[in-house]
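What follows is the content of start-v7.cif, which has mmCIF, C-alpha atoms:
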data_entry
#
loop_
_atom_site.group_PDB
_atom_site.id
_atom_site.type_symbol
_atom_site.label_atom_id
_atom_site.label_comp_id
_atom_site.auth_asym_id
_atom_site.auth_seq_id
_atom_site.Cartn_x
_atom_site.Cartn_y
_atom_site.Cartn_z
ATOM 1 C CA MET A 1 21.821 16.158 -73.924
ATOM 2 C CA ARG A 2 19.422 13.283 -74.602
ATOM 3 C CA LEU A 3 18.710 12.888 -70.879
ATOM 4 C CA LEU A 4 18.262 16.650 -70.533
ATOM 5 C CA ARG A 5 15.718 16.721 -73.391
ATOM 6 C CA ARG A 6 13.819 13.803 -71.885
ATOM 7 C CA CYS A 7 13.575 15.581 -68.568
ATOM 8 C CA MET A 8 12.528 18.889 -70.128
ATOM 9 C CA LYS A 9 9.901 17.337 -72.395
ATOM 10 C CA SER A 10 6.360 17.600 -71.105
ATOM 11 C CA SER A 11 4.448 14.325 -71.150
ATOM 12 C CA GLY A 12 1.021 15.548 -70.070
ATOM 13 C CA GLY A 13 1.205 14.474 -66.430
ATOM 14 C CA ASP A 14 4.723 13.389 -65.491
ATOM 15 C CA ASP A 15 6.122 16.848 -64.802
ATOM 16 C CA ILE A 16 6.701 18.456 -61.460
ATOM 17 C CA LEU A 17 7.669 22.112 -61.569
ATOM 18 C CA ARG A 18 9.519 24.011 -58.885
ATOM 19 C CA GLY A 19 9.419 27.494 -60.302
ATOM 20 C CA ASP A 20 10.006 26.849 -63.995
ATOM 21 C CA LYS A 21 12.326 23.867 -63.541
ATOM 22 C CA PRO A 22 11.245 20.221 -63.788
ATOM 23 C CA ILE A 23 12.422 17.914 -61.027
ATOM 24 C CA CYS A 24 13.701 14.619 -62.389
ATOM 25 C CA PHE A 25 13.430 11.319 -60.548
ATOM 26 C CA VAL A 26 16.018 9.011 -62.063
ATOM 27 C CA SER A 27 15.579 5.282 -61.514
ATOM 28 C CA GLY A 28 15.534 2.091 -63.529
ATOM 29 C CA ASN A 29 12.775 0.677 -61.309
ATOM 30 C CA ARG A 30 9.239 1.268 -62.597
ATOM 31 C CA GLY A 31 7.683 -0.066 -59.401
ATOM 32 C CA LYS A 32 9.657 2.414 -57.321
ATOM 33 C CA TYR A 33 8.596 5.268 -59.583
ATOM 34 C CA ASN A 34 4.930 4.259 -59.295
ATOM 35 C CA GLU A 35 5.149 4.326 -55.502
ATOM 36 C CA VAL A 36 6.943 7.661 -55.374
ATOM 37 C CA ALA A 37 4.582 9.274 -57.902
ATOM 38 C CA ARG A 38 1.602 8.416 -55.691
ATOM 39 C CA ILE A 39 3.324 9.811 -52.629
ATOM 40 C CA ALA A 40 4.122 12.979 -54.563
ATOM 41 C CA GLY A 41 0.500 13.283 -55.683
ATOM 42 C CA GLU A 42 -0.614 13.569 -52.074
ATOM 43 C CA PHE A 43 1.408 16.790 -51.870
ATOM 44 C CA GLY A 44 0.191 18.131 -55.198
ATOM 45 C CA VAL A 45 3.547 17.223 -56.740
ATOM 46 C CA ARG A 46 4.117 15.357 -60.004
ATOM 47 C CA LEU A 47 7.383 13.697 -60.959
ATOM 48 C CA LYS A 48 9.172 13.389 -64.264
ATOM 49 C CA TRP A 49 10.545 9.843 -64.434
ATOM 50 C CA ILE A 50 13.846 9.287 -66.204
ATOM 51 C CA LYS A 51 14.236 5.555 -66.710
ATOM 52 C CA ARG A 52 17.920 5.075 -66.072
ATOM 53 C CA ALA A 53 19.896 3.404 -63.330
ATOM 54 C CA LYS A 54 21.551 5.940 -61.074
ATOM 55 C CA ARG A 55 25.295 5.873 -60.517
ATOM 56 C CA GLU A 56 26.072 3.978 -57.338
ATOM 57 C CA ILE A 57 29.309 4.130 -55.402
ATOM 58 C CA GLN A 58 30.638 1.221 -53.355
ATOM 59 C CA SER A 59 29.469 2.230 -49.916
ATOM 60 C CA ASP A 60 27.590 0.755 -46.976
ATOM 61 C CA ASN A 61 25.971 4.148 -46.295
ATOM 62 C CA LEU A 62 22.587 4.677 -47.984
ATOM 63 C CA ARG A 63 22.669 8.435 -47.434
ATOM 64 C CA GLU A 64 26.059 8.719 -49.101
ATOM 65 C CA ILE A 65 24.913 6.667 -52.092
ATOM 66 C CA ALA A 66 21.776 8.771 -52.617
ATOM 67 C CA PHE A 67 23.621 12.026 -51.906
ATOM 68 C CA LEU A 68 26.338 11.459 -54.518
ATOM 69 C CA ALA A 69 23.906 10.013 -57.085
ATOM 70 C CA ALA A 70 21.732 13.135 -56.868
ATOM 71 C CA LYS A 71 24.756 15.439 -57.107
ATOM 72 C CA ASP A 72 26.237 13.644 -60.131
ATOM 73 C CA LEU A 73 22.952 13.608 -62.041
ATOM 74 C CA CYS A 74 22.219 17.226 -61.201
ATOM 75 C CA ASP A 75 25.641 18.257 -62.480
ATOM 76 C CA GLU A 76 25.050 16.242 -65.671
ATOM 77 C CA ILE A 77 21.622 17.561 -66.649
ATOM 78 C CA VAL A 78 21.766 20.923 -64.816
ATOM 79 C CA LEU A 79 18.259 20.491 -63.424
ATOM 80 C CA PRO A 80 16.866 19.644 -59.984
ATOM 81 C CA VAL A 81 17.177 15.920 -59.312
ATOM 82 C CA VAL A 82 15.933 13.544 -56.655
ATOM 83 C CA ALA A 83 17.637 10.184 -56.057
ATOM 84 C CA GLU A 84 16.793 7.416 -53.616
ATOM 85 C CA ASP A 85 18.600 4.406 -52.238
ATOM 86 C CA SER A 86 17.058 1.799 -49.995
ATOM 87 C CA GLY A 87 18.147 -1.360 -48.247
ATOM 88 C CA PHE A 88 16.781 -4.448 -46.517
ATOM 89 C CA PHE A 89 18.590 -5.055 -43.219
ATOM 90 C CA ILE A 90 18.221 -8.464 -41.535
ATOM 91 C CA ASP A 91 19.384 -8.676 -37.925
ATOM 92 C CA ALA A 92 20.290 -12.389 -37.973
ATOM 93 C CA LEU A 93 22.521 -11.794 -41.014
ATOM 94 C CA GLY A 94 24.381 -8.868 -39.480
ATOM 95 C CA GLY A 95 22.412 -6.322 -41.502
ATOM 96 C CA PHE A 96 22.851 -8.171 -44.802
ATOM 97 C CA PRO A 97 21.931 -7.438 -47.580
ATOM 98 C CA GLY A 98 21.641 -3.769 -46.553
ATOM 99 C CA PRO A 99 22.773 -1.325 -49.258
ATOM 100 C CA TYR A 100 23.513 -4.271 -51.564
ATOM 101 C CA SER A 101 19.863 -5.346 -51.632
ATOM 102 C CA ALA A 102 19.301 -4.747 -55.347
ATOM 103 C CA TYR A 103 22.338 -6.829 -56.288
ATOM 104 C CA VAL A 104 21.446 -9.590 -53.834
ATOM 105 C CA HIS A 105 17.884 -9.697 -55.136
ATOM 106 C CA ARG A 106 19.171 -10.030 -58.708
ATOM 107 C CA THR A 107 21.552 -12.830 -57.780
ATOM 108 C CA ILE A 108 19.854 -15.002 -55.138
ATOM 109 C CA GLY A 109 16.386 -13.437 -54.890
ATOM 110 C CA THR A 110 13.871 -13.850 -52.101
ATOM 111 C CA ASP A 111 14.315 -17.639 -52.127
ATOM 112 C CA GLY A 112 18.024 -17.229 -51.446
ATOM 113 C CA ILE A 113 17.330 -15.072 -48.397
ATOM 114 C CA LEU A 114 14.788 -17.582 -47.106
ATOM 115 C CA ARG A 115 17.355 -20.383 -47.489
ATOM 116 C CA LEU A 116 19.868 -18.386 -45.455
ATOM 117 C CA LEU A 117 17.260 -18.051 -42.701
ATOM 118 C CA LYS A 118 15.907 -21.595 -42.936
ATOM 119 C CA SER A 119 16.808 -22.575 -39.362
ATOM 120 C CA VAL A 120 16.630 -19.080 -37.874
ATOM 121 C CA THR A 121 13.805 -18.243 -35.463
ATOM 122 C CA MET A 122 14.770 -14.622 -34.694
ATOM 123 C CA ARG A 123 13.764 -12.963 -37.949
ATOM 124 C CA GLU A 124 13.733 -9.230 -37.156
ATOM 125 C CA ALA A 125 14.529 -6.951 -40.082
ATOM 126 C CA CYS A 126 13.926 -3.442 -41.337
ATOM 127 C CA PHE A 127 13.746 -1.467 -44.550
ATOM 128 C CA LYS A 128 15.564 1.870 -44.741
ATOM 129 C CA ALA A 129 15.365 4.555 -47.418
ATOM 130 C CA ALA A 130 17.532 7.601 -48.023
ATOM 131 C CA VAL A 131 16.330 10.330 -50.389
ATOM 132 C CA ALA A 132 18.548 13.134 -51.671
ATOM 133 C CA PHE A 133 17.444 16.258 -53.542
ATOM 134 C CA CYS A 134 19.882 18.479 -55.422
ATOM 135 C CA GLU A 135 19.522 21.711 -57.366
ATOM 136 C CA PRO A 136 22.202 23.088 -59.721
ATOM 137 C CA ASN A 137 25.105 24.749 -57.938
ATOM 138 C CA SER A 138 23.808 23.575 -54.577
ATOM 139 C CA ARG A 139 24.652 20.940 -52.016
ATOM 140 C CA PRO A 140 22.118 18.073 -51.847
ATOM 141 C CA VAL A 141 19.759 17.764 -48.906
ATOM 142 C CA SER A 142 18.732 14.345 -47.640
ATOM 143 C CA PHE A 143 15.795 12.744 -45.857
ATOM 144 C CA TRP A 144 15.447 9.409 -44.102
ATOM 145 C CA GLY A 145 12.758 6.786 -43.544
ATOM 146 C CA THR A 146 12.735 3.375 -41.869
ATOM 147 C CA ILE A 147 10.272 0.674 -40.840
ATOM 148 C CA GLY A 148 10.817 -2.409 -38.737
ATOM 149 C CA GLY A 149 9.315 -5.845 -39.129
ATOM 150 C CA THR A 150 10.199 -9.484 -39.665
ATOM 151 C CA VAL A 151 11.137 -11.838 -42.473
ATOM 152 C CA SER A 152 8.294 -14.228 -43.310
ATOM 153 C CA MET A 153 8.763 -17.985 -43.555
ATOM 154 C CA HIS A 154 7.549 -18.020 -47.174
ATOM 155 C CA SER A 155 7.060 -15.545 -50.008
ATOM 156 C CA LYS A 156 3.539 -14.128 -49.975
ATOM 157 C CA GLY A 157 1.747 -11.696 -52.265
ATOM 158 C CA SER A 158 2.071 -10.501 -55.836
ATOM 159 C CA HIS A 159 2.357 -6.723 -55.438
ATOM 160 C CA GLY A 160 5.386 -4.511 -54.979
ATOM 161 C CA PHE A 161 8.921 -5.501 -55.949
ATOM 162 C CA GLY A 162 12.257 -6.613 -54.540
ATOM 163 C CA PHE A 163 12.015 -8.220 -51.114
ATOM 164 C CA ASP A 164 8.421 -7.072 -50.511
ATOM 165 C CA PRO A 165 7.081 -10.685 -50.637
ATOM 166 C CA ILE A 166 9.123 -11.718 -47.590
ATOM 167 C CA PHE A 167 8.913 -8.620 -45.379
ATOM 168 C CA VAL A 168 6.136 -8.372 -42.796
ATOM 169 C CA PRO A 169 6.146 -4.756 -41.553
ATOM 170 C CA ASP A 170 5.163 -3.739 -38.044
ATOM 171 C CA GLY A 171 1.549 -2.596 -38.217
ATOM 172 C CA GLY A 172 0.837 -4.651 -41.327
ATOM 173 C CA HIS A 173 -1.442 -7.138 -39.544
ATOM 174 C CA GLY A 174 0.776 -10.082 -40.431
ATOM 175 C CA ARG A 175 0.864 -9.373 -44.159
ATOM 176 C CA THR A 176 3.900 -8.785 -46.333
ATOM 177 C CA PHE A 177 4.335 -5.603 -48.335
ATOM 178 C CA ALA A 178 3.572 -7.675 -51.425
ATOM 179 C CA GLU A 179 0.122 -8.486 -50.033
ATOM 180 C CA MET A 180 -0.765 -4.791 -49.837
ATOM 181 C CA SER A 181 -1.889 -2.325 -52.463
ATOM 182 C CA THR A 182 0.505 0.486 -53.353
ATOM 183 C CA ASN A 183 -1.629 2.984 -51.459
ATOM 184 C CA GLU A 184 -1.651 0.845 -48.330
ATOM 185 C CA LYS A 185 2.081 0.239 -48.465
ATOM 186 C CA ASN A 186 2.625 3.955 -48.982
ATOM 187 C CA SER A 187 0.657 4.754 -45.840
ATOM 188 C CA PHE A 188 3.598 3.709 -43.637
ATOM 189 C CA SER A 189 6.554 2.384 -45.683
ATOM 190 C CA HIS A 190 10.169 3.492 -45.320
ATOM 191 C CA ARG A 191 10.076 5.058 -48.781
ATOM 192 C CA SER A 192 6.880 6.952 -48.033
ATOM 193 C CA LYS A 193 8.345 8.364 -44.833
ATOM 194 C CA ALA A 194 11.482 9.628 -46.585
ATOM 195 C CA PHE A 195 9.722 11.092 -49.633
ATOM 196 C CA SER A 196 6.960 12.642 -47.526
ATOM 197 C CA LYS A 197 9.640 14.572 -45.648
ATOM 198 C CA LEU A 198 11.125 15.728 -48.951
ATOM 199 C CA PHE A 199 7.824 16.773 -50.536
ATOM 200 C CA ASN A 200 6.723 18.509 -47.374
ATOM 201 C CA TRP A 201 9.988 20.448 -47.435
ATOM 202 C CA LEU A 202 9.625 21.269 -51.144
ATOM 203 C CA THR A 203 6.040 22.458 -50.957
ATOM 204 C CA LYS A 204 6.792 24.715 -47.995
#
Let's see the structure in the file written out as structure tokens.
Amino acid sequence: MRLLRRCMKSSGGDDILRGDKPICFVSGNRGKYNEVARIAGEFGVRLKWIKRAKREIQSDNLREIAFLAAKDLCDEIVLPVVAEDSGFFIDALGGFPGPYSAYVHRTIGTDGILRLLKSVTMREACFKAAVAFCEPNSRPVSFWGTIGGTVSMHSKGSHGFGFDPIFVPDGGHGRTFAEMSTNEKNSFSHRSKAFSKLFNWLTK
């Protein structure tokens, strides 16, 4: 009930209404919420952030993780919910850390990834994001976004979060995500692509 009240409570700018129901974005990551809120604003949509880690199953499938997280939370609070899961996939490491990116970042961080790639010259990688939206008594729908790039030789930049300081996206003019403003990152990131598809679908 506490989570339900938090999602229902109006906070003068964090609500998005679809009909008369708020849509809750549940995540423990403030940086992720800030990015998604700006993307939503471009569609005239405002999110209600619930600061809580989503339930994650043990799976190597981002869509499945987001899909089940959205369904579980929707069943719990009986309100529309959007959940997202993303991963950093490095070719030379067989796709590692992939869907385990958050855990890997907490344990070895960006420096740990750079050590693993110390003698590697082929540094192709990509970010992928899966977004799932669920309404009560409905099956979730999902949307996908991805962007390719490379792993930098050193951490660069102070913006963003996670592995942003070591990912140089295609089209980023040699800069990491962490060297870009939120608006610039949102203009072509994996997360922006996935959420733009969702918000376009919602507003239509």
Could you pull the residues within 12 Å of Asn183 in chain A, counting all atoms listed in the file, minus those fewer than 3 positions along the same chain, as a list in words? Asn34, Glu35, Val36, Ala37, Arg38, Ile39, Ala40, Gly41, Glu42, His159, Gly160, Phe177, Ala178, Glu179, Met180, Asn186, Ser187, Phe188, Ser189 and Ser192 of chain A
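Going from CA of Glu124 in chain A over to CA of Ile90 in chain A, you cover 6.3 Å.
Distances here use all atoms listed in the file; by that measure, the residue among A:Phe67, A:Phe88, A:Phe161, A:Trp144 closest to Ser196 in chain A is A:Trp144.
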My list of candidates is A:Arg139, A:Lys185, A:Lys193, A:Lys204. Which is closest to Asp75 in chain A when distances are computed with all atoms listed in the file?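 Result for the nearest residue to Asp75 in chain A: A:Arg139.
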In Å, with one decimal, what is the gap from CA of Asp60 in chain A to CA of Phe143 in chain A?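 Answer for the CA of Asp60 in chain A to CA of Phe143 in chain A separation: 16.9 Å.
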If the PyMOL selection byres ((chain A and resi 79-85) around 9) were run on this exact file, what residues would it hold? Put them as a PDB file with C-alpha atoms, in the coordinates of the input.
ATOM      1  CA  LEU A   4      18.262  16.650 -70.533  1.00  0.00           C
ATOM      2  CA  CYS A   7      13.575  15.581 -68.568  1.00  0.00           C
ATOM      3  CA  MET A   8      12.528  18.889 -70.128  1.00  0.00           C
ATOM      4  CA  ARG A  18       9.519  24.011 -58.885  1.00  0.00           C
ATOM      5  CA  LYS A  21      12.326  23.867 -63.541  1.00  0.00           C
ATOM      6  CA  PRO A  22      11.245  20.221 -63.788  1.00  0.00           C
ATOM      7  CA  ILE A  23      12.422  17.914 -61.027  1.00  0.00           C
ATOM      8  CA  CYS A  24      13.701  14.619 -62.389  1.00  0.00           C
ATOM      9  CA  PHE A  25      13.430  11.319 -60.548  1.00  0.00           C
ATOM     10  CA  VAL A  26      16.018   9.011 -62.063  1.00  0.00           C
ATOM     11  CA  SER A  27      15.579   5.282 -61.514  1.00  0.00           C
ATOM     12  CA  LYS A  54      21.551   5.940 -61.074  1.00  0.00           C
ATOM     13  CA  LEU A  62      22.587   4.677 -47.984  1.00  0.00           C
ATOM     14  CA  ARG A  63      22.669   8.435 -47.434  1.00  0.00           C
ATOM     15  CA  ILE A  65      24.913   6.667 -52.092  1.00  0.00           C
ATOM     16  CA  ALA A  66      21.776   8.771 -52.617  1.00  0.00           C
ATOM     17  CA  PHE A  67      23.621  12.026 -51.906  1.00  0.00           C
ATOM     18  CA  LEU A  68      26.338  11.459 -54.518  1.00  0.00           C
ATOM     19  CA  ALA A  69      23.906  10.013 -57.085  1.00  0.00           C
ATOM     20  CA  ALA A  70      21.732  13.135 -56.868  1.00  0.00           C
ATOM     21  CA  LYS A  71      24.756  15.439 -57.107  1.00  0.00           C
ATOM     22  CA  LEU A  73      22.952  13.608 -62.041  1.00  0.00           C
ATOM     23  CA  CYS A  74      22.219  17.226 -61.201  1.00  0.00           C
ATOM     24  CA  ASP A  75      25.641  18.257 -62.480  1.00  0.00           C
ATOM     25  CA  GLU A  76      25.050  16.242 -65.671  1.00  0.00           C
ATOM     26  CA  ILE A  77      21.622  17.561 -66.649  1.00  0.00           C
ATOM     27  CA  VAL A  78      21.766  20.923 -64.816  1.00  0.00           C
ATOM     28  CA  SER A  86      17.058   1.799 -49.995  1.00  0.00           C
ATOM     29  CA  GLY A  87      18.147  -1.360 -48.247  1.00  0.00           C
ATOM     30  CA  PRO A  99      22.773  -1.325 -49.258  1.00  0.00           C
ATOM     31  CA  LYS A 128      15.564   1.870 -44.741  1.00  0.00           C
ATOM     32  CA  ALA A 129      15.365   4.555 -47.418  1.00  0.00           C
ATOM     33  CA  ALA A 130      17.532   7.601 -48.023  1.00  0.00           C
ATOM     34  CA  VAL A 131      16.330  10.330 -50.389  1.00  0.00           C
ATOM     35  CA  ALA A 132      18.548  13.134 -51.671  1.00  0.00           C
ATOM     36  CA  PHE A 133      17.444  16.258 -53.542  1.00  0.00           C
ATOM     37  CA  CYS A 134      19.882  18.479 -55.422  1.00  0.00           C
ATOM     38  CA  GLU A 135      19.522  21.711 -57.366  1.00  0.00           C
ATOM     39  CA  PRO A 136      22.202  23.088 -59.721  1.00  0.00           C
ATOM     40  CA  ARG A 191      10.076   5.058 -48.781  1.00  0.00           C
ATOM     41  CA  PHE A 195       9.722  11.092 -49.633  1.00  0.00           C
TER      42      PHE A 195
END
Compare A:Asn29, A:Val141, A:Ser158, A:Trp201 by their minimum atom-to-atom distance to Arg52 in chain A, counting only C-alpha atoms, and give me the closest one.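 Nearest candidate to Arg52 in chain A out of A:Asn29, A:Val141, A:Ser158, A:Trp201: A:Asn29.
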Would you kindly translate the PyMOL selection byres ((chain A and resi 155) around 6) into the concrete residues it picks from this file, as a list in words? His154, Lys156, Pro165 and Ile166 of chain A
For Arg115 in chain A, which residue out of A:Leu93, A:Thr203, A:Thr182, A:His190 is the nearest one, using only C-alpha atoms?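 Among A:Leu93, A:Thr203, A:Thr182, A:His190, it is A:Leu93 that comes nearest to Arg115 in chain A.
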Between A:Pro140, A:Gly157, A:Gly31, A:Gly145, which has the minimum distance to Gly174 in chain A (counting all atoms listed in the file)?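 Among the listed residues, the smallest separation from Gly174 in chain A belongs to A:Gly157.
Here CA of Trp49 in chain A and CA of Phe199 in chain A stand 15.8 Å from one another.
Among the candidates A:Met153, A:Leu114, A:Tyr103, A:Phe89, the one nearest to Arg175 in chain A when counting all atoms listed in the file is A:Met153.
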Reference answer for the PyMOL selection byres ((chain A and resi 116) around 12), as a ChimeraX atom specification: /A:90,92-93,96-97,108-115,117-121,123,151,153
Could you put an axis-aligned box around every listed atom of range 99-104 of chain A, padded by 3 Å on each side, and send me its centre and edge lengths in Å to one decimal, as AutoDock Vina command-line options?
--center_x 21.4 --center_y -5.5 --center_z -52.8 --size_x 10.2 --size_y 14.3 --size_z 13.0
